[in-house]
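Listing of target28.cif; format and content: mmCIF, C-alpha atoms.
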data_data
loop_
_atom_site.label_atom_id
_atom_site.label_comp_id
_atom_site.auth_asym_id
_atom_site.auth_seq_id
_atom_site.Cartn_x
_atom_site.Cartn_y
_atom_site.Cartn_z
CA GLN K 1 116.64 89.97 34.17
CA LYS K 2 115.57 92.55 36.72
CA GLU K 3 116.36 96.21 36.04
CA VAL K 4 117.87 96.56 39.52
CA GLU K 5 119.79 93.77 41.23
CA GLN K 6 120.54 93.80 44.94
CA ASP K 7 122.14 91.09 47.05
CA PRO K 8 119.39 90.04 49.49
CA GLY K 9 121.81 88.95 52.19
CA PRO K 10 121.16 88.44 55.03
CA LEU K 11 124.22 90.36 56.18
CA SER K 12 125.37 90.15 59.79
CA VAL K 13 128.18 92.34 61.18
CA PRO K 14 129.52 93.24 64.65
CA GLU K 15 128.82 96.64 66.13
CA GLY K 16 131.28 99.27 64.90
CA ALA K 17 131.95 97.55 61.58
CA ILE K 18 131.86 99.29 58.22
CA VAL K 19 128.99 98.01 56.12
CA SER K 20 128.95 98.06 52.32
CA LEU K 21 125.67 97.63 50.46
CA ASN K 22 125.49 97.52 46.67
CA CYS K 23 123.14 97.54 43.71
CA THR K 24 123.67 97.13 40.00
CA TYR K 25 121.28 98.26 37.32
CA SER K 26 120.78 97.82 33.60
CA ASN K 27 118.74 100.89 32.57
CA SER K 28 121.16 103.62 31.50
CA ALA K 29 118.30 106.17 31.71
CA PHE K 30 118.34 106.10 35.52
CA GLN K 31 119.46 109.50 36.83
CA TYR K 32 118.16 109.65 40.41
CA PHE K 33 119.50 107.20 42.99
CA MET K 34 118.21 106.67 46.50
CA TRP K 35 118.75 104.47 49.51
CA TYR K 36 115.88 103.68 51.84
CA ARG K 37 115.90 101.95 55.22
CA GLN K 38 112.91 99.82 56.15
CA TYR K 39 112.28 98.43 59.59
CA SER K 40 110.08 95.37 59.91
CA ARG K 41 106.44 96.09 59.06
CA LYS K 42 107.12 99.78 58.46
CA GLY K 43 107.27 102.01 55.40
CA PRO K 44 110.65 102.80 53.78
CA GLU K 45 112.54 105.80 55.20
CA LEU K 46 114.68 107.88 52.86
CA LEU K 47 118.37 107.83 53.86
CA MET K 48 120.31 109.21 50.92
CA TYR K 49 119.39 110.85 47.63
CA THR K 50 121.81 111.57 44.81
CA TYR K 51 121.47 112.85 41.29
CA SER K 52 123.73 111.41 38.58
CA SER K 53 127.28 110.29 39.48
CA GLY K 54 129.41 111.09 42.48
CA ASN K 55 129.58 110.74 46.25
CA LYS K 56 127.39 112.11 48.99
CA GLU K 57 128.04 111.95 52.71
CA ASP K 58 125.63 112.41 55.59
CA GLY K 59 126.91 111.57 59.03
CA ARG K 60 127.83 107.89 59.15
CA PHE K 61 126.35 107.25 55.70
CA THR K 62 128.08 107.65 52.33
CA ALA K 63 126.40 107.01 48.99
CA GLN K 64 128.38 106.46 45.80
CA VAL K 65 127.11 106.34 42.23
CA ASP K 66 129.21 105.06 39.31
CA LYS K 67 127.08 105.45 36.23
CA SER K 68 129.80 104.14 33.91
CA SER K 69 129.63 100.80 35.72
CA LYS K 70 125.92 101.06 36.54
CA TYR K 71 126.77 100.44 40.17
CA ILE K 72 125.71 102.22 43.36
CA SER K 73 126.86 101.72 46.94
CA LEU K 74 125.92 102.71 50.45
CA PHE K 75 128.56 102.66 53.18
CA ILE K 76 127.66 102.76 56.87
CA ARG K 77 130.50 103.62 59.25
CA ASP K 78 130.54 102.70 62.94
CA SER K 79 127.45 100.55 62.51
CA GLN K 80 125.02 100.38 65.43
CA PRO K 81 122.42 97.77 66.45
CA SER K 82 119.79 100.38 65.58
CA ASP K 83 120.98 100.17 61.96
CA SER K 84 119.55 96.64 61.79
CA ALA K 85 116.94 96.84 59.04
CA THR K 86 116.37 96.10 55.37
CA TYR K 87 118.13 98.51 53.02
CA LEU K 88 116.55 99.20 49.65
CA CYS K 89 118.17 100.89 46.71
CA ALA K 90 115.86 102.77 44.36
CA MET K 91 116.31 104.69 41.16
CA SER K 92 114.38 106.53 38.47
CA PRO K 93 114.97 108.16 35.10
CA PHE K 94 114.90 111.89 34.47
CA GLY K 95 111.32 113.01 33.92
CA SER K 96 109.87 110.11 35.90
CA ALA K 97 111.46 110.93 39.21
CA ARG K 98 108.47 109.76 41.21
CA GLN K 99 108.25 106.34 39.58
CA LEU K 100 110.91 104.46 41.45
CA THR K 101 112.37 101.08 40.57
CA PHE K 102 113.56 99.29 43.70
CA GLY K 103 116.01 96.53 44.39
CA SER K 104 114.79 93.58 46.41
CA GLY K 105 116.49 94.82 49.58
CA THR K 106 119.40 93.66 51.77
CA GLN K 107 118.60 92.54 55.30
CA LEU K 108 121.26 93.83 57.71
CA THR K 109 121.77 92.78 61.32
CA VAL K 110 124.31 94.61 63.51
CA LEU K 111 125.22 92.51 66.51
CA PRO K 112 125.98 94.25 69.84
CA ASP R 113 104.24 118.14 61.15
CA ALA R 114 102.38 114.99 60.09
CA GLY R 115 103.94 112.64 57.59
CA VAL R 116 102.15 110.54 55.00
CA THR R 117 99.18 108.77 56.55
CA GLN R 118 97.44 105.65 55.26
CA SER R 119 94.29 103.82 56.26
CA PRO R 120 93.43 101.23 57.22
CA THR R 121 96.55 99.75 58.81
CA HIS R 122 95.52 96.17 58.19
CA LEU R 123 92.84 94.58 56.06
CA ILE R 124 91.68 91.02 55.51
CA LYS R 125 89.59 90.19 52.43
CA THR R 126 88.56 87.06 50.56
CA ARG R 127 89.19 86.25 46.93
CA GLY R 128 86.92 88.09 44.52
CA GLN R 129 86.20 90.98 46.87
CA GLN R 130 87.06 94.62 46.26
CA VAL R 131 89.19 96.87 48.47
CA THR R 132 89.82 100.61 48.78
CA LEU R 133 92.97 101.97 50.41
CA ARG R 134 93.44 105.61 51.38
CA CYS R 135 96.40 107.96 51.57
CA SER R 136 96.91 111.53 52.77
CA PRO R 137 100.16 113.15 51.60
CA ILE R 138 102.38 115.48 53.56
CA SER R 139 100.84 118.95 53.72
CA GLY R 140 101.85 120.90 50.63
CA HIS R 141 102.77 117.83 48.58
CA LYS R 142 100.79 117.50 45.37
CA SER R 143 102.15 114.23 43.99
CA VAL R 144 101.15 110.81 45.30
CA SER R 145 102.54 107.47 44.15
CA TRP R 146 101.36 103.95 45.05
CA TYR R 147 103.58 100.88 45.42
CA GLN R 148 102.97 97.20 46.14
CA GLN R 149 105.50 95.37 48.31
CA VAL R 150 105.24 91.60 48.43
CA LEU R 151 106.96 89.98 51.40
CA GLY R 152 110.69 89.68 50.82
CA GLN R 153 110.69 91.96 47.76
CA GLY R 154 111.23 95.63 47.09
CA PRO R 155 108.25 97.91 46.42
CA GLN R 156 106.86 97.84 42.88
CA PHE R 157 105.45 101.00 41.30
CA ILE R 158 101.68 100.96 40.60
CA PHE R 159 100.52 104.55 39.95
CA GLN R 160 101.59 108.15 40.21
CA TYR R 161 99.12 111.05 40.44
CA TYR R 162 99.75 114.77 40.29
CA GLU R 163 97.09 117.46 40.39
CA LYS R 164 94.39 114.78 40.11
CA GLU R 165 95.82 113.40 36.88
CA GLU R 166 97.48 110.05 36.34
CA ARG R 167 101.13 110.67 35.41
CA GLY R 168 102.39 107.11 35.39
CA ARG R 169 101.24 103.53 35.57
CA GLY R 170 103.27 100.43 36.36
CA ASN R 171 102.80 96.92 35.01
CA PHE R 172 99.62 96.04 36.90
CA PRO R 173 96.30 94.69 35.56
CA ASP R 174 93.20 96.83 35.08
CA ARG R 175 91.83 95.48 38.35
CA PHE R 176 93.98 98.16 39.94
CA SER R 177 92.75 101.75 39.74
CA ALA R 178 93.35 104.96 41.63
CA ARG R 179 92.30 108.56 41.88
CA GLN R 180 93.41 111.77 43.53
CA PHE R 181 91.12 114.30 45.14
CA PRO R 182 91.25 118.14 45.16
CA ASN R 183 92.90 118.04 48.61
CA TYR R 184 95.62 115.78 47.06
CA SER R 185 94.62 112.72 49.07
CA SER R 186 94.34 109.53 47.06
CA GLU R 187 92.57 106.19 46.93
CA LEU R 188 93.77 102.91 45.46
CA ASN R 189 91.10 100.42 44.44
CA VAL R 190 91.65 96.76 43.69
CA ASN R 191 88.82 94.67 42.24
CA ALA R 192 88.37 90.90 42.03
CA LEU R 193 91.07 90.24 44.61
CA LEU R 194 93.46 87.36 44.09
CA LEU R 195 95.61 85.58 46.64
CA GLY R 196 98.65 87.15 44.98
CA ASP R 197 97.39 90.63 45.83
CA SER R 198 98.36 90.02 49.46
CA ALA R 199 101.05 92.61 50.14
CA LEU R 200 101.98 95.83 51.87
CA TYR R 201 100.58 98.75 49.88
CA LEU R 202 102.64 101.88 50.24
CA CYS R 203 101.81 105.46 49.42
CA ALA R 204 104.53 108.07 48.82
CA SER R 205 104.21 111.83 48.47
CA SER R 206 106.58 114.41 47.07
CA ASP R 207 106.83 118.15 46.67
CA THR R 208 106.73 118.91 42.98
CA GLY R 209 107.23 122.62 43.55
CA THR R 210 110.98 122.24 43.85
CA ALA R 211 113.70 120.47 41.92
CA ASN R 212 114.02 118.05 44.81
CA ASN R 213 112.25 114.84 43.84
CA GLU R 214 112.51 113.05 47.16
CA GLN R 215 109.59 110.81 47.99
CA PHE R 216 108.38 110.15 51.50
CA PHE R 217 106.57 106.93 52.29
CA GLY R 218 103.70 106.23 54.62
CA PRO R 219 103.56 103.21 56.95
CA GLY R 220 101.54 101.19 54.46
CA THR R 221 98.36 99.13 54.50
CA ARG R 222 98.88 95.41 54.93
CA LEU R 223 96.34 93.53 52.82
CA THR R 224 95.76 89.83 53.33
CA VAL R 225 93.61 87.98 50.79
CA LEU R 226 92.26 84.61 51.94
#
The structure given in the file should be rewritten as structure tokens.
Amino acid sequence: QKEVEQDPGPLSVPEGAIVSLNCTYSNSAFQYFMWYRQYSRKGPELLMYTYSSGNKEDGRFTAQVDKSSKYISLFIRDSQPSDSATYLCAMSPFGSARQLTFGSGTQLTVLP
Amino acid sequence: DAGVTQSPTHLIKTRGQQVTLRCSPISGHKSVSWYQQVLGQGPQFIFQYYEKEERGRGNFPDRFSARQFPNYSSELNVNALLLGDSALYLCASSDTGTANNEQFFGPGTRLTVL
């Protein structure tokens, strides 16, 4: 069993839809949680970064962490065609913050 | 302000050869981490270096090695290449001088082993 599970999709939604992306994890030591966006043949770009449980909002993006359920989510409001990319969740334990464990990524397409 | 840079962009090698990949972190960042991303998968952690010392190693064979230089740039070396080493190799840098542990990735080096 992988430490981090992420539905690979692909996920296709119409422009303006609310998108929900999720990851589950098994390692209770994970304390830092991140979402990255990766366009084809590019490096991952950091979208959201949260420490421990709770919600964080940045523009159209909201990240949620539920450590009791070992479940994290990323919500994208008013999705745009430019949001079409692969979304990767990543996490790390305290003290090893720069050694990330990634999910396999969810491929998202926003149709105009 | 330049981001993380990696060279070369693309590389084609044959089985058994050796390869060296290079990374320059964001100015002021002292920590560099290396990841391997196989097509269709998420990146997998290989090494982390800070102040020229190895601080972490992922589950990779000894054919993989790395080092960090006084200017904080880094090299990843892979010996005796196998077909399965074909992947996008990513370098990430972070600023260890603050409590913020965000990592910023470079564009990667795409390695093809024939």
**Study point:** Expected answer as a ChimeraX atom specification: chain K residues within 10 Å of chain R, all atoms listed in the file
**Key:** /K:6,8,32,34,36,38,41-46,48-51,86-90,96-107
Point to revise | Option closest in space to Val110 of chain K, from K:Cys23, K:Val4, K:Leu47, K:Ala85 [counting all atoms listed in the file] | key: K:Ala85
**Study point:** Between atom CA of Ile138 of chain R and atom CA of Ser186 of chain R, distance in Å (one decimal)
**Key:** 11.9 Å
Env of Leu193 of chain R: 8 Å cut, atoms = all atoms listed in the file, seq-sep filter 2 positions within chain, self excluded. Answer as a PDB file with C-alpha atoms, in the frame of the given file.
ATOM      1  CA  LYS R 125      89.590  90.190  52.430  1.00  0.00           C
ATOM      2  CA  THR R 126      88.560  87.060  50.560  1.00  0.00           C
ATOM      3  CA  ARG R 127      89.190  86.250  46.930  1.00  0.00           C
ATOM      4  CA  GLY R 128      86.920  88.090  44.520  1.00  0.00           C
ATOM      5  CA  GLN R 129      86.200  90.980  46.870  1.00  0.00           C
ATOM      6  CA  GLN R 130      87.060  94.620  46.260  1.00  0.00           C
ATOM      7  CA  VAL R 131      89.190  96.870  48.470  1.00  0.00           C
ATOM      8  CA  VAL R 190      91.650  96.760  43.690  1.00  0.00           C
ATOM      9  CA  ASN R 191      88.820  94.670  42.240  1.00  0.00           C
ATOM     10  CA  LEU R 195      95.610  85.580  46.640  1.00  0.00           C
ATOM     11  CA  ASP R 197      97.390  90.630  45.830  1.00  0.00           C
ATOM     12  CA  VAL R 225      93.610  87.980  50.790  1.00  0.00           C
TER      13      VAL R 225
END
Practice item. Please identify all polymer residues within 7 Å of Asn22 of chain K, counting all atoms listed in the file, omitting same-chain residues fewer than 3 positions from it, and present them as a VMD selection string. Key: chain K and resid 6 72 to 74
What does the file look like for those residues with C-alpha atoms, as a compact mmCIF listing (two decimals), in the coordinates of the input?
# COMPACT_ATOMS: atom_id res chain seq x y z
CA GLN K 6 120.54 93.80 44.94
CA ILE K 72 125.71 102.22 43.36
CA SER K 73 126.86 101.72 46.94
CA LEU K 74 125.92 102.71 50.45
Point to revise | Near-Ser52 of chain K list (12 Å; all atoms listed in the file; drop same-chain fewer than 2 positions) as a ChimeraX atom specification | key: /K:28-34,49-50,54-56,63-68,70-72,91-94
Exercise for review: For the file shown, report as a ChimeraX atom specification the outcome of the PyMOL selection byres ((chain R and resi 114) around 10) at residue level.
Suggested key: /R:113,115-117,136-139
**Study point:** Straight-line distance linking atom CA of Tyr162 of chain R with atom CA of Arg134 of chain R, stated in Å to one decimal
**Key:** 15.7 Å
Exercise for review: Please tell me which residues are no farther than 10 Å from (124.0, 94.6, 63.6) in the file, counting only C-alpha atoms, and write them as a PyMOL selection string.
Suggested key: chain K and resi 11-17+19+79-85+108-112
Revision key, fill the gap. Between atom CA of Thr62 of chain K and atom CA of Tyr25 of chain K lies a distance of 19.0 Å
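Counting all atoms listed in the file, the residue from K:Ser40, K:Gly9, K:Ser69, K:Arg60 that sits nearest to Thr24 of chain K is K:Ser69.
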